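Below: the structure, in structure tokens.
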Amino acid sequence: MKRKSKKISISRLLSNDEKITEKDVLTLLVLMEKGRIPNPKLLKELNLGGTDLNAPESAGHYRRRLERGGVIKGYPTKVNWKKIGYPTEFVVIMTSDNNELLLEFEKAHLGGLEEYRQQTGAGIFVIPLSEKGDKIILKDVVRGGEKPTAIIFGVATGDWAATMFAEFYLPKRYPGADITLLIIQRASIRNFNFQDELIESLIHVLFDEGEIKKYEAIFEKEFRFDLL
């Protein structure tokens with residue numbers, strides 16, 4: 001029999017910026033899950049039933065606050081995690097020659113998801129790491145490869161939080177696994193899209209004048225444009 005969830009406020013746990021209120025975070029979670037939800041339905045999700053849609057405490061107010069603050073953008077909602085206190089993006093790669101170890105990781109991970117959902121009622125996994133407010137949020141957790149490999153993508157309240165997760169949290173739970181941490185500094189392609197501003201800025205920094213033409217010519221020679 002499943003236990004009833006405790007009164008744990010996932011919006012309070014998630015928030016890491018004093019300017020972002022719990023209701024702001026709750027709005028963010030609803031928009032992440034529901035996408036283009038109309039304001040009347042958003043009111044209901046936020047437990048603001050009966051509030052005037054044009055009032056300062058309305059659902060539209062919280063949606064606009066997030067948009068003006070740069071926290072969310074477009075449809076479906078794209079979240080700027082830096083704006084709510086999670087500036088560090090990271091990847092953790094766990095490998096082992098022992099398939100049973102990675103199988104145990106997967107079992108523990110799935111069991112943890114179920115218990116977390118029961119305790120919090122949330123669909124986003126926030127892991128607190130210290131009483132000082134160090135936290136991470138899991139974005140993607142995948143497993144595969146000829147050599148058993150688990151790859152964890154996430155955001156963190158800082159580089160130290162990501163380091164704590166990779167060097168203390170995971171090894172304590174899965175001793176014997178080989179764990180590598182990559183703190184992401186930049187991405188030239190994200191969600192299938194070229195990041196034009198970043199690409200242009202890097203070109204000016206990395207290449208001498210005209211040097212990029214050499215690399216363009218090499219690519220043109222080797223790439224099968226005829227198959228496109």
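Chain labels A, B, ... are given in the sequence in which chains occur in the structure tokens; within each chain residues are numbered consecutively from 1, and ligands are likewise numbered from 1 in the order shown.
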Checklist line | A:Asp159 environment, 12 Å, only C-alpha atoms, sequence neighbours closer than 2 positions dropped, as a PyMOL selection string | finding: chain A and resi 86-91+134-136+154-157+161-167+181-185
Write a file of the selected residues as a short mmCIF file (atom, residue, chain, number, x, y, z; two decimals), in the first residue's frame, keeping N, CA and C atoms.
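Once everything was written out, this is selection-v3.cif:
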data_model
loop_
_atom_site.label_atom_id
_atom_site.label_comp_id
_atom_site.auth_asym_id
_atom_site.auth_seq_id
_atom_site.Cartn_x
_atom_site.Cartn_y
_atom_site.Cartn_z
N TYR A 86 20.17 28.33 -10.62
CA TYR A 86 20.87 27.10 -11.01
C TYR A 86 21.75 27.40 -12.23
N PRO A 87 22.88 28.09 -12.03
CA PRO A 87 23.69 28.54 -13.16
C PRO A 87 24.59 27.47 -13.77
N THR A 88 24.81 26.37 -13.06
CA THR A 88 25.76 25.36 -13.52
C THR A 88 25.04 24.20 -14.20
N GLU A 89 25.43 23.93 -15.45
CA GLU A 89 24.97 22.74 -16.15
C GLU A 89 26.08 21.69 -16.08
N PHE A 90 25.70 20.44 -15.91
CA PHE A 90 26.73 19.41 -15.78
C PHE A 90 26.26 18.09 -16.39
N VAL A 91 27.25 17.24 -16.66
CA VAL A 91 27.01 15.87 -17.09
C VAL A 91 27.87 14.97 -16.22
N ASP A 134 23.09 23.94 -1.18
CA ASP A 134 23.60 23.31 -2.40
C ASP A 134 22.59 22.27 -2.89
N LYS A 135 22.19 22.39 -4.16
CA LYS A 135 21.17 21.49 -4.72
C LYS A 135 21.47 21.23 -6.19
N ILE A 136 20.95 20.12 -6.68
CA ILE A 136 20.96 19.86 -8.11
C ILE A 136 19.56 19.45 -8.54
N GLY A 154 22.18 17.43 -15.64
CA GLY A 154 21.47 18.19 -14.63
C GLY A 154 21.92 19.63 -14.55
N VAL A 155 21.26 20.37 -13.66
CA VAL A 155 21.66 21.74 -13.35
C VAL A 155 21.89 21.82 -11.85
N ALA A 156 22.76 22.76 -11.45
CA ALA A 156 23.15 22.85 -10.04
C ALA A 156 23.21 24.30 -9.60
N THR A 157 23.16 24.48 -8.27
CA THR A 157 23.23 25.82 -7.71
C THR A 157 24.62 26.42 -7.85
N ALA A 161 28.21 22.40 -6.02
CA ALA A 161 27.09 21.47 -5.85
C ALA A 161 27.20 20.31 -6.83
N ALA A 162 27.57 20.60 -8.08
CA ALA A 162 27.75 19.54 -9.07
C ALA A 162 28.89 18.62 -8.65
N THR A 163 29.97 19.20 -8.10
CA THR A 163 31.10 18.41 -7.63
C THR A 163 30.70 17.53 -6.46
N MET A 164 29.93 18.07 -5.53
CA MET A 164 29.45 17.29 -4.39
C MET A 164 28.65 16.08 -4.86
N PHE A 165 27.79 16.31 -5.84
CA PHE A 165 26.95 15.23 -6.37
C PHE A 165 27.81 14.12 -6.98
N ALA A 166 28.82 14.51 -7.78
CA ALA A 166 29.63 13.53 -8.50
C ALA A 166 30.68 12.86 -7.61
N GLU A 167 31.23 13.61 -6.66
CA GLU A 167 32.36 13.08 -5.90
C GLU A 167 32.00 12.56 -4.51
N LEU A 181 32.89 13.75 -14.04
CA LEU A 181 32.06 14.96 -14.04
C LEU A 181 32.51 15.90 -15.14
N LEU A 182 31.56 16.38 -15.92
CA LEU A 182 31.82 17.42 -16.91
C LEU A 182 30.92 18.60 -16.59
N ILE A 183 31.53 19.72 -16.23
CA ILE A 183 30.77 20.96 -16.04
C ILE A 183 30.75 21.69 -17.37
N ILE A 184 29.56 21.90 -17.91
CA ILE A 184 29.41 22.45 -19.25
C ILE A 184 29.74 23.94 -19.25
N GLN A 185 30.66 24.33 -20.10
CA GLN A 185 31.04 25.74 -20.21
C GLN A 185 30.32 26.44 -21.35
#
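When only C-alpha atoms are used to measure the gap to A:Ser188, the shortest distance among A:Leu170, A:Gly176, A:Ser201, A:Gly123 belongs to A:Ser201.
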Notebook entry, point to check: In terms of the shortest atom-to-atom distance over only C-alpha atoms, which of A:Lys82, A:Trp160, A:Arg173, A:Asp208 is closest to A:Glu106?
Noted result: A:Arg173
Next item on the list: Please give the complete set of residues from stretch 53-209 of chain A that DSSP, run on the backbone, assigns to alpha helix (DSSP H), formatted as a PyMOL selection string.
Entry: chain A and resi 59-68+99-120+159-164+170-173+196-206
Item checked: Near-A:Leu113 list (10 Å; only C-alpha atoms; drop same-chain fewer than 3 positions) as a PyMOL selection string -> chain A and resi 107-110+116-119+122-125
Find the residues of stretch 122-182 of chain A that sit at most 8 Å from stretch 94-104 of chain A; for each, write down the nearest two atoms and how far apart they are in Å, to one decimal. Count only C-alpha atoms. Sort by chain, then by number going up, and give it as CSV.
residue,atom,partner,partner_atom,distance
A:Lys147,CA,A:Asp97,CA,6.6
A:Pro148,CA,A:Thr95,CA,5.8
A:Thr149,CA,A:Thr95,CA,4.5
A:Ala150,CA,A:Met94,CA,5.0
A:Ile151,CA,A:Met94,CA,6.3
A:Tyr174,CA,A:Leu101,CA,7.4
A:Gly176,CA,A:Ser96,CA,7.6
A:Ala177,CA,A:Ser96,CA,5.3
A:Asp178,CA,A:Thr95,CA,5.2
A:Ile179,CA,A:Met94,CA,4.6
A:Thr180,CA,A:Met94,CA,6.6
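Taking atom CA of A:Ser130 and atom CA of A:Lys83 as endpoints, the distance between them is 21.0 Å.
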Notebook entry, point to check: Where in stretch 122-206 of chain A does DSSP assign strand (DSSP E or B), given as a ChimeraX atom specification?
Noted result: /A:126-128,135-144,149-156,178-183,189-190,193-194
Next item on the list: Could you tell me how far atom CA of A:Lys139 lies from atom CA of A:Phe194, in Å and to one decimal?
Entry: 20.6 Å
Next item on the list: Write out as a ChimeraX atom specification the residues lying within 12 Å of A:Leu202, counting only C-alpha atoms and excluding same-chain residues fewer than 6 positions away.
Entry: /A:186-188,195-196,208,212
